[in-house]
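Some notes on the structure that comes next.
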Amino acid sequence: MLTHGIGVTGDYLFASSEDVLYRWPYSEGQRDPLDDERRQVVIYGMNELDFDPHEIVNHNHRSRPFEFDLDGNIYVALGSYGNIDPTPFRSRIRRFPADLVVAAQLPPNGTSCAEGEVFADGLRNSVGLGWDFEGVLWGVISGENDLFREDLGGDIAIGNPAEELNRYQPENAGQFYGYPYCWTEGQLELGRATTNNIPPVAILEAHTTPLDLEFYGVRFPKSICGSMIGAEIDRTG
């Protein structure tokens with residue numbers, strides 16, 4: 001089953017399932033059905049990554065959004081297995097070089113997801129990705145549910161944690177953004193631990209589940225060109 005990601009670059013159309021990123025030969029303007037006999041596996045094992053899924057009951061995040069940069073490298077986002085995983089083993093954006101993605105000849109069985117470079121670490125569920133006009137990747141993050149902290153008054157899930165808007169500067173490649181050890185408060189007055197974590201650029205209302213983002217281009221009025229729009233849903237009730 002194909003899930004969230006679809007894109008075109010070079011001479012190929014790409015789409016992701018829960019576990020595999022595929023590509024098909026594609027020509028600009030093509031209206032004929034894709035030839036599934038020519039489908040190729042680009043990345044496999046997105047549900048593995050050296051982890052026993054039986055340790056976590058609820059497998060929540062199955063979308064596999066991806067984006068290409070101008071050099072043909074691909075950035076694939078994977079969300080956490082559960083609400084709060086023990087480590088950020090999956091909750092990352094991984095980068096794969098163009099020669100493993102858009103080259104005419106791929107490895108016979110594709111490339112294991114575990115071989116991808118960790119471009120951004122500690123991202124609970126970055127379903128929405130998008131490039132700004134300076135060539136910098138941005139992402140929106142859905143925070144944890146059902147937060148309970150006795151030291152902060154018990155049930156703090158109403159209004160916390162805030163959803164996040166992150167900017168992934170190239171010079172910060174491989175750095176850590178917090179999950180699952182650090183979260184961004186929404187309606188609490190707490191200090192931010194930024195020594196070991198890169199904080200978000202902006203925060204969004206808790207539990208609104210930002211799903212995507214897009215930067216306005218030339219199709220829109222000049223007054224809003226360069227601005228960003230985001231899409232959300234409400235998962236509180």
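Naming works like this for the structure tokens: A, B, ... for the chains as they're shown, residue 1 at the start of each chain, ligands 1 onward in shown order.
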
Determine, for each residue of stretch 35-134 of chain A having at least one atom at most 8 Å from an atom of stretch 192-214 of chain A, the closest pair of atoms and their separation in Å to one decimal, counting only C-alpha atoms; order by chain and ascending number, as CSV.
```
residue,atom,partner,partner_atom,distance
A:Val127,CA,A:Leu211,CA,5.6
A:Gly128,CA,A:Asp212,CA,3.7
A:Leu129,CA,A:Leu213,CA,6.3
A:Gly130,CA,A:Glu214,CA,5.8
A:Trp131,CA,A:Glu214,CA,7.7
```

So that I can see what lies close to A:Ala103, please list as a PyMOL selection string the residues with an atom at most 10 Å from it, counting only C-alpha atoms and leaving out residues fewer than 3 positions away in the same chain.
chain A and resi 10-12+72+97-100+106-107

Which polymer residues have any atom within 12 Å of an atom of stretch 19-29 of chain A, counting only C-alpha atoms, with same-chain residues fewer than 4 positions away left out, as a count of residues only?
56
